[in-house]
file input.cif (mmCIF, C-alpha atoms)
data_my_file
#
loop_
_atom_site.label_atom_id
_atom_site.label_comp_id
_atom_site.auth_asym_id
_atom_site.auth_seq_id
_atom_site.Cartn_x
_atom_site.Cartn_y
_atom_site.Cartn_z
CA ALA N 1 129.93 74.40 91.64
CA LEU N 2 126.21 74.31 92.32
CA ALA N 3 123.93 75.78 89.68
CA ASP N 4 120.87 77.80 90.58
CA ILE N 5 119.07 76.52 87.47
CA LEU N 6 120.08 74.05 84.77
CA HIS N 7 117.34 74.17 82.15
CA PRO N 8 117.15 71.32 79.61
CA VAL N 9 116.91 72.60 76.02
CA ASP N 10 117.83 69.39 74.14
CA PRO N 11 118.74 65.86 75.18
CA CYS N 12 121.96 66.25 77.19
CA VAL N 13 122.14 70.02 76.48
CA TRP N 14 121.41 72.63 79.13
CA ASP N 15 121.03 76.37 79.62
CA LEU N 16 122.77 77.68 82.72
CA ILE N 17 120.87 80.32 84.72
CA GLU N 18 122.52 82.09 87.65
CA VAL N 19 120.01 83.91 89.89
CA LYS N 20 121.08 87.08 91.69
CA SER N 21 119.28 89.34 94.13
CA SER N 22 120.76 92.38 92.37
CA THR N 23 118.82 94.63 89.98
CA SER N 24 121.38 94.49 87.15
CA VAL N 25 124.21 92.41 85.72
CA LYS N 26 127.58 93.13 87.35
CA ASP N 27 131.05 92.20 86.11
CA GLU N 28 131.73 89.83 88.99
CA TYR N 29 128.64 87.81 88.07
CA ILE N 30 130.11 87.03 84.64
CA PHE N 31 133.16 85.39 86.16
CA ASP N 32 130.90 83.47 88.55
CA VAL N 33 128.96 82.01 85.63
CA ALA N 34 132.14 81.41 83.62
CA PHE N 35 133.56 79.36 86.50
CA GLN N 36 130.38 77.27 86.71
CA LYS N 37 130.34 76.65 82.97
CA TYR N 38 133.99 75.57 83.10
CA VAL N 39 133.24 73.04 85.85
CA TYR N 40 130.11 71.61 84.21
CA GLN N 41 131.60 71.26 80.75
CA ASN N 42 134.72 69.57 82.12
CA ALA N 43 132.41 67.20 84.01
CA GLY N 44 130.73 66.26 80.71
CA ILE N 45 127.64 68.48 80.95
CA LYS N 46 127.09 70.38 77.71
CA ILE N 47 126.08 74.03 78.26
CA ASN N 48 124.19 75.84 75.50
CA ARG N 49 123.46 79.43 76.66
CA CYS N 50 124.30 81.27 79.87
CA TYR N 51 121.93 83.69 81.60
CA ILE N 52 121.87 85.88 84.66
CA MET N 53 118.45 86.27 86.23
CA TYR N 54 117.93 89.29 88.49
CA VAL N 55 115.24 91.38 90.15
CA ASP N 56 113.38 93.92 88.00
CA ASN N 57 113.06 96.90 90.30
CA THR N 58 110.48 98.54 88.01
CA TYR N 59 107.99 95.80 88.91
CA VAL N 60 105.02 97.06 90.92
CA ARG N 61 103.01 94.56 92.90
CA LYS N 62 99.28 94.58 92.20
CA GLY N 63 97.72 91.53 93.77
CA PRO N 64 99.59 88.19 93.87
CA ILE N 65 103.27 88.23 92.87
CA VAL N 66 103.89 87.52 89.17
CA PRO N 67 107.32 85.81 89.12
CA GLU N 68 107.76 86.32 85.38
CA GLU N 69 107.48 90.07 85.92
CA LEU N 70 109.40 90.26 89.19
CA LEU N 71 112.46 88.55 87.67
CA THR N 72 114.16 89.16 84.35
CA LYS N 73 117.05 87.35 82.69
CA GLU N 74 119.85 88.51 80.45
CA ASP N 75 121.87 86.41 78.00
CA VAL N 76 125.55 86.70 78.95
CA THR N 77 126.90 83.82 76.85
CA ASP N 78 129.31 85.95 74.82
CA GLN N 79 130.75 87.65 77.91
CA VAL N 80 131.10 84.27 79.65
CA ASN N 81 132.91 82.74 76.68
CA ALA N 82 135.33 85.67 76.66
CA TYR N 83 136.32 84.72 80.22
CA ALA N 84 137.12 81.07 79.38
CA LEU N 85 140.91 81.47 79.35
CA ALA N 86 140.87 83.70 82.45
CA VAL N 87 139.00 81.03 84.41
CA GLU N 88 141.72 78.46 83.66
CA GLN N 89 144.45 80.90 84.70
CA HIS N 90 142.64 81.91 87.90
CA LEU N 91 142.04 78.32 88.90
CA GLN N 92 145.73 77.49 88.60
CA GLN N 93 146.60 80.47 90.78
CA MET N 94 143.92 79.54 93.34
CA LEU N 95 145.21 75.96 93.57
CA LYS N 96 148.75 77.25 94.22
CA ILE N 97 147.46 79.47 97.04
CA ILE N 98 145.43 76.65 98.59
CA ALA N 99 148.49 74.39 98.53
CA GLN N 100 150.64 76.88 100.46
CA GLN N 101 151.58 76.07 104.05
CA ASP N 102 151.33 79.71 105.14
CA ILE N 103 148.69 82.40 104.76
CA PRO N 104 149.49 84.71 101.80
CA LYS N 105 150.89 88.08 102.82
CA ILE N 106 148.31 90.49 101.45
CA THR N 107 148.31 94.19 102.31
CA ILE N 108 144.92 95.47 103.48
CA GLY N 109 143.23 98.11 101.35
CA SER N 110 140.20 98.98 99.26
CA GLN N 111 140.18 95.49 97.73
CA CYS N 112 139.00 94.16 101.11
CA ASN N 113 135.51 95.46 100.26
CA ASN N 114 135.56 95.05 96.50
CA PRO N 115 133.42 93.61 95.05
CA TYR N 116 132.21 92.26 98.42
CA ALA N 117 133.21 92.72 102.04
CA CYS N 118 135.75 90.03 102.94
CA PRO N 119 134.64 87.84 105.88
CA LEU N 120 138.20 87.92 107.25
CA SER N 121 138.44 91.73 107.44
CA ASP N 122 138.20 91.76 111.24
CA LEU N 123 141.16 89.40 111.42
CA CYS N 124 143.30 91.17 108.83
CA TRP N 125 142.60 94.71 110.07
CA ASP N 126 142.94 94.09 113.80
CA PHE N 127 146.57 95.28 113.92
CA LEU N 128 145.48 98.88 113.29
CA PRO N 129 145.52 101.28 116.26
CA SER N 130 142.27 102.81 117.50
CA ASP N 131 142.94 106.14 115.73
CA HIS N 132 144.12 104.67 112.44
CA VAL N 133 144.66 106.47 109.13
CA PHE N 134 141.73 104.71 107.44
CA MET N 135 139.45 107.02 109.46
CA LEU N 136 140.44 109.89 107.16
CA ASN N 137 137.40 111.49 105.54
CA ARG N 138 137.24 110.32 101.90
CA GLY N 139 140.82 109.22 102.39
CA LYS N 140 141.30 105.54 101.54
CA PRO N 141 143.94 106.14 98.82
CA LYS N 142 145.87 108.46 101.18
CA ALA N 143 145.52 105.93 104.00
CA GLU N 144 147.08 103.27 101.78
CA GLN N 145 149.94 105.64 100.92
CA LEU N 146 150.52 106.36 104.60
CA MET N 147 150.44 102.68 105.52
CA ALA N 148 153.05 102.01 102.83
CA LEU N 149 155.22 104.62 104.59
CA GLY N 150 154.74 102.82 107.91
CA ILE N 151 152.38 105.46 109.31
CA LEU N 152 149.27 103.98 110.96
CA LYS N 153 148.14 106.59 113.51
CA LEU N 154 146.43 109.82 112.55
CA LYS N 155 148.58 111.81 114.96
CA ASP N 156 151.74 110.49 113.29
CA ILE N 157 150.90 111.92 109.86
CA PRO N 158 153.67 114.41 108.96
CA ALA N 159 152.69 118.06 108.68
CA GLU N 160 153.97 118.17 105.09
CA PHE N 161 151.76 115.26 103.97
CA LYS N 162 149.03 116.66 101.72
CA LEU N 163 145.58 116.45 103.32
CA SER N 164 142.23 118.11 102.70
CA GLU N 165 140.99 120.71 105.17
CA ASN N 166 138.58 118.22 106.75
CA GLN N 167 141.27 115.56 107.02
CA ARG N 168 143.59 118.03 108.72
CA ILE N 169 140.80 118.82 111.22
CA GLN N 170 140.64 115.11 112.04
CA VAL N 171 144.39 114.83 112.52
CA THR N 172 144.43 117.85 114.85
CA ALA N 173 141.51 116.51 116.93
CA HIS N 174 143.03 113.05 117.27
CA THR N 175 146.42 114.55 118.13
CA ASN N 176 145.26 116.84 120.94
CA GLY N 177 142.23 114.75 121.99
CA ASN N 178 139.87 117.71 121.83
CA PRO N 179 136.85 118.32 119.58
CA TYR N 180 137.17 120.75 116.70
CA ILE N 181 134.48 123.45 116.91
CA ASP N 182 133.72 125.96 114.17
CA LYS N 183 131.41 128.31 116.08
CA GLU N 184 130.38 130.31 113.04
CA GLY N 185 129.50 127.18 111.09
CA ILE N 186 127.46 125.83 114.00
CA LYS N 187 125.69 129.17 114.45
CA ASP N 188 124.80 129.24 110.75
CA PHE N 189 123.24 125.81 111.10
CA LEU N 190 121.34 126.58 114.30
CA GLU N 191 119.88 129.70 112.73
CA LYS N 192 118.07 127.48 110.22
CA LEU N 193 116.03 125.88 113.01
CA ARG N 194 112.57 127.25 113.70
CA TYR N 195 110.15 126.47 116.52
CA PRO N 196 108.12 124.39 116.85
CA MET N 197 110.80 121.81 116.03
CA TYR N 198 109.73 118.36 114.87
CA LEU N 199 112.41 115.67 115.28
CA LEU N 200 111.50 112.81 112.93
CA ASP N 201 112.95 109.36 112.30
CA PHE N 202 111.71 106.45 110.17
CA GLU N 203 112.50 102.77 110.28
CA THR N 204 111.92 100.91 107.03
CA ILE N 205 111.94 97.55 105.32
CA ALA N 206 113.00 97.11 101.71
CA PRO N 207 112.39 93.47 100.71
CA ALA N 208 113.32 92.09 97.29
CA ILE N 209 109.86 90.55 97.00
CA PRO N 210 107.27 93.30 97.65
CA VAL N 211 105.00 92.47 100.58
CA TYR N 212 102.33 95.12 99.87
CA ASP N 213 100.46 96.26 96.79
CA LEU N 214 101.82 99.36 95.05
CA THR N 215 105.36 98.62 96.21
CA SER N 216 108.43 97.62 94.19
CA PRO N 217 111.51 95.51 94.96
CA TYR N 218 113.93 97.19 97.38
CA LYS N 219 111.77 100.28 97.82
CA ALA N 220 112.03 101.54 101.40
CA ILE N 221 108.66 101.12 103.12
CA PRO N 222 108.39 102.93 106.49
CA PHE N 223 106.85 100.73 109.15
CA GLN N 224 107.62 102.93 112.15
CA TYR N 225 108.30 106.49 113.11
CA SER N 226 109.26 108.45 116.19
CA LEU N 227 108.42 112.14 116.43
CA HIS N 228 109.49 114.49 119.20
CA VAL N 229 107.95 117.96 119.13
CA VAL N 230 109.59 120.90 120.93
CA SER N 231 107.12 123.80 120.82
CA LYS N 232 109.53 126.51 122.00
CA GLU N 233 112.93 127.11 123.58
CA GLY N 234 113.16 125.17 126.84
CA ALA N 235 109.81 123.41 126.41
CA GLU N 236 109.42 119.77 127.40
CA PRO N 237 109.38 117.60 124.25
CA GLN N 238 106.12 115.90 123.33
CA HIS N 239 106.48 112.42 121.87
CA PHE N 240 104.42 110.72 119.15
CA SER N 241 105.15 107.34 117.65
CA TYR N 242 103.67 104.69 115.40
CA LEU N 243 104.64 101.06 114.85
CA ALA N 244 102.61 99.35 112.15
CA PRO N 245 100.84 96.06 112.91
CA GLY N 246 102.08 94.69 109.58
CA ASP N 247 98.90 93.22 108.15
CA VAL N 248 98.28 96.19 105.82
CA ASP N 249 100.42 98.71 103.95
CA PRO N 250 101.58 101.11 106.72
CA ARG N 251 102.28 104.07 104.44
CA ILE N 252 98.75 105.44 104.26
CA GLU N 253 98.42 105.51 108.07
CA ILE N 254 101.87 107.08 108.49
CA LEU N 255 101.04 109.80 105.98
CA ARG N 256 97.70 110.47 107.65
CA ARG N 257 99.16 110.71 111.14
CA LEU N 258 102.12 112.85 110.16
CA GLN N 259 99.91 115.28 108.27
CA GLU N 260 98.07 115.86 111.54
CA GLN N 261 101.16 115.95 113.76
CA LEU N 262 103.69 117.98 111.76
CA GLY N 263 101.70 121.21 111.80
CA ASN N 264 102.07 124.00 109.25
CA THR N 265 105.15 125.85 110.53
CA GLY N 266 108.46 125.07 112.17
CA SER N 267 111.46 122.94 111.22
CA ILE N 268 111.16 119.22 110.56
CA ILE N 269 114.54 117.84 111.59
CA ALA N 270 115.90 114.46 110.54
CA TYR N 271 119.37 112.94 110.56
CA ASN N 272 120.59 112.17 107.04
CA ALA N 273 117.25 113.57 105.98
CA SER N 274 117.28 112.33 102.37
CA PHE N 275 116.21 108.95 103.79
CA GLU N 276 113.02 110.41 105.32
CA VAL N 277 112.39 112.65 102.31
CA ASN N 278 112.61 109.77 99.84
CA ALA N 279 110.39 107.56 101.98
CA LEU N 280 107.73 110.28 102.10
CA LYS N 281 107.97 110.94 98.36
CA ASP N 282 107.68 107.25 97.50
CA ALA N 283 104.70 106.88 99.83
CA SER N 284 102.95 109.85 98.23
CA GLU N 285 103.53 108.35 94.77
CA ALA N 286 101.45 105.40 95.89
CA TYR N 287 98.89 107.66 97.60
CA PRO N 288 98.73 110.79 95.40
CA LYS N 289 96.33 112.73 97.65
CA TYR N 290 99.38 113.41 99.89
CA LYS N 291 101.69 114.55 97.07
CA SER N 292 101.14 118.28 97.47
CA TRP N 293 101.45 118.03 101.26
CA VAL N 294 104.77 116.17 101.01
CA LYS N 295 106.04 118.76 98.55
CA GLU N 296 105.15 121.54 101.00
CA ILE N 297 106.73 120.00 104.09
CA GLU N 298 109.91 119.18 102.15
CA LYS N 299 110.70 122.92 102.27
CA ARG N 300 110.71 122.73 106.08
CA ILE N 301 113.06 119.76 106.43
CA VAL N 302 116.50 120.42 107.93
CA ASP N 303 119.25 117.80 107.99
CA LEU N 304 120.97 117.52 111.38
CA ILE N 305 123.95 115.78 109.80
CA GLU N 306 125.04 119.07 108.16
CA PRO N 307 127.38 120.43 110.88
CA PHE N 308 129.04 117.02 111.23
CA ARG N 309 129.32 116.13 107.57
CA GLY N 310 130.60 119.65 106.93
CA PHE N 311 133.09 119.40 109.84
CA SER N 312 131.75 122.37 111.77
CA TYR N 313 132.04 119.93 114.66
CA TYR N 314 134.33 116.91 114.91
CA HIS N 315 135.15 114.87 118.01
CA PRO N 316 137.86 112.20 117.97
CA GLN N 317 135.37 109.77 119.55
CA GLN N 318 133.40 109.90 116.29
CA GLU N 319 136.20 107.79 114.79
CA GLY N 320 135.72 109.35 111.38
CA SER N 321 131.94 108.84 111.30
CA ALA N 322 129.29 111.55 110.89
CA SER N 323 126.44 109.11 111.57
CA LEU N 324 124.15 109.61 114.56
CA LYS N 325 125.59 106.40 116.06
CA GLY N 326 129.00 108.07 116.05
CA VAL N 327 127.95 111.62 116.89
CA LEU N 328 125.48 111.00 119.73
CA PRO N 329 127.85 109.26 122.19
CA ALA N 330 130.76 111.54 121.26
CA LEU N 331 128.80 114.74 121.80
CA THR N 332 126.38 113.77 124.58
CA GLY N 333 127.65 110.55 126.20
CA ILE N 334 124.36 108.84 125.29
CA SER N 335 124.93 105.43 123.71
CA TYR N 336 122.99 102.67 121.97
CA GLU N 337 125.10 100.05 123.76
CA GLY N 338 123.11 97.55 125.78
CA MET N 339 119.96 97.99 123.73
CA GLU N 340 118.37 94.88 122.24
CA ILE N 341 118.04 96.69 118.91
CA LYS N 342 120.80 99.20 118.32
CA ASP N 343 120.87 99.95 114.59
CA GLY N 344 118.57 100.36 111.60
CA THR N 345 119.54 97.08 109.94
CA ALA N 346 118.64 95.09 113.05
CA ALA N 347 115.37 97.05 113.36
CA SER N 348 114.42 96.24 109.77
CA ASN N 349 115.40 92.57 110.02
CA GLU N 350 113.60 91.99 113.31
CA TYR N 351 110.41 93.75 112.21
CA TYR N 352 110.35 91.68 109.03
CA ARG N 353 110.98 88.47 110.97
CA ILE N 354 108.17 88.92 113.49
CA THR N 355 105.75 90.24 110.87
CA PHE N 356 106.23 88.06 107.81
CA THR N 357 107.59 84.73 109.04
CA ASP N 358 105.59 81.85 110.48
CA GLY N 359 105.96 80.37 113.94
CA VAL N 360 106.75 83.57 115.83
CA SER N 361 105.36 83.46 119.36
CA GLU N 362 103.32 86.28 120.81
CA ASP N 363 105.95 86.82 123.53
CA ASP N 364 108.70 87.11 120.92
CA ARG N 365 106.62 89.53 118.86
CA ASN N 366 105.83 91.72 121.85
CA ARG N 367 109.46 91.73 123.01
CA VAL N 368 110.73 92.86 119.59
CA ARG N 369 108.03 95.49 119.18
CA SER N 370 108.95 96.94 122.58
CA ALA N 371 112.64 96.99 121.59
CA LEU N 372 111.75 98.74 118.32
CA GLU N 373 109.86 101.45 120.19
CA LYS N 374 112.82 102.08 122.51
CA TYR N 375 115.32 102.20 119.65
CA CYS N 376 113.37 104.59 117.42
CA ASP N 377 112.50 106.78 120.42
CA LEU N 378 116.21 107.17 121.24
CA ASP N 379 116.95 108.32 117.69
CA THR N 380 114.70 111.39 117.96
CA ALA N 381 115.33 112.04 121.66
CA GLY N 382 119.03 111.82 120.83
CA MET N 383 118.65 114.46 118.13
CA ILE N 384 117.25 116.88 120.72
CA SER N 385 120.29 116.21 122.91
CA VAL N 386 122.63 116.80 119.96
CA ILE N 387 121.00 120.15 119.18
CA ASN N 388 121.19 121.20 122.84
CA GLU N 389 124.89 120.32 122.98
CA LEU N 390 125.57 122.21 119.75
CA LYS N 391 123.92 125.27 121.31
CA LYS N 392 126.29 125.02 124.29
CA THR N 393 129.33 125.10 122.01
CA VAL N 394 128.46 128.57 120.73
CA MET N 395 127.40 130.18 124.03
#

call {"tool": "encode", "arguments": {"input": "input.cif", "output": "structure tokens"}}
result
Amino acid sequence: ALADILHPVDPCVWDLIEVKSSTSVKDEYIFDVAFQKYVYQNAGIKINRCYIMYVDNTYVRKGPIVPEELLTKEDVTDQVNAYALAVEQHLQQMLKIIAQQDIPKITIGSQCNNPYACPLSDLCWDFLPSDHVFMLNRGKPKAEQLMALGILKLKDIPAEFKLSENQRIQVTAHTNGNPYIDKEGIKDFLEKLRYPMYLLDFETIAPAIPVYDLTSPYKAIPFQYSLHVVSKEGAEPQHFSYLAPGDVDPRIEILRRLQEQLGNTGSIIAYNASFEVNALKDASEAYPKYKSWVKEIEKRIVDLIEPFRGFSYYHPQQEGSASLKGVLPALTGISYEGMEIKDGTAASNEYYRITFTDGVSEDDRNRVRSALEKYCDLDTAGMISVINELKKTVM
């Protein structure tokens, strides 16, 4: 056991402080602290009180970081003491497992990601076929039931097994290998779209320690956007983009540019649009002069995920996912494979690295910024392709 903080309160008496990047105390943290206390006390170190220190997400940066305000701590001594007997019992069980000659036979299931993702999941789950039952929409309990019955493939699920309508759509698509197409549902969605169409995508960072004034821990701060504008049916898309230099808060410049570029009419289309909506709302909270404008454009925002989340369209190549990363290649054949940056997490991490860490070369910075432009551009260009393919399904 290695303590984050042992704070001396008396000669030979210590407070134990466990520091977490979370914004609240979680049950699993209590057992963590209880284990540490057990080890220290049995090693002769007297523990007085136990605390969990975590990030206060209500903190707003105004000037230099104030650590006492960024972090808060909660006394969990009573909860930790209540775990004392459980720690002893768990340790005995753990020692028995460690002493075994063979790997324990554990059935995969929801526990593999609870409370954290297990680092051995890839190893333990690799026996599943490509079209496995865990792809079922909102279907983990049913997948576990099916696995207990020896059924691993979607196409092997018996007709009498109770499934939701969306789950049955998946089974049918994976059985016959063809996409499911609800033409009326797709038409209803397409009728919501108005020209000019504005295809918008943000990339964000959300650091625990705020890097700009008027930001809070874990608040999504857009640093980049891609915007494709299609003025009318069949028109060549016009592309706008912005990638912040990083030395100043990018939100004010993003708001200013988008106010000019998004016009006054037409649909603003995003994929999983709540992400873009929340980023705009948060930015306008910091810069109130844009509040009324954000409120107005919110009425024009259409979420492209709707026909896929609602199963108006489902392709077996989506593998149970309604994300753009699953939908785009399945529907259009366009893929993110081979790109230097191919997902939002990598985009966020790489932007943060080249912007806020020391020792980054100019070549490295330029290479990453170029990769970020290509990645974000594909997101909005890909949305145009998805819409065009949806139109073909109802012709």

call {"tool": "closest_residue", "arguments": {"input": "input.cif", "among": "N:Lys46, N:Arg365, N:Lys391, N:Arg300", "to": "Leu190 in chain N", "atoms": "all atoms listed in the file"}}
result
N:Lys391

call {"tool": "closest_residue", "arguments": {"input": "input.cif", "among": "N:Thr23, N:Ser241, N:Ser121, N:Thr58", "to": "Glu74 in chain N", "atoms": "all atoms listed in the file"}}
result
N:Thr23

call {"tool": "atom_distance", "arguments": {"input": "input.cif", "atom1": "CA of Ala273 in chain N", "atom2": "CA of Leu199 in chain N"}}
result
10.7 Å

call {"tool": "closest_residue", "arguments": {"input": "input.cif", "among": "N:Pro288, N:Asp358, N:His315, N:Pro210", "to": "Val60 in chain N", "atoms": "all atoms listed in the file"}}
result
N:Pro210

call {"tool": "closest_residue", "arguments": {"input": "input.cif", "among": "N:Asp10, N:Lys219, N:Leu136, N:Asp78", "to": "Ala173 in chain N", "atoms": "all atoms listed in the file"}}
result
N:Leu136

call {"tool": "atom_distance", "arguments": {"input": "input.cif", "atom1": "CA of Ser21 in chain N", "atom2": "CA of Pro67 in chain N"}}
result
13.4 Å

call {"tool": "atom_distance", "arguments": {"input": "input.cif", "atom1": "CA of Asp182 in chain N", "atom2": "CA of Arg309 in chain N"}}
result
12.6 Å
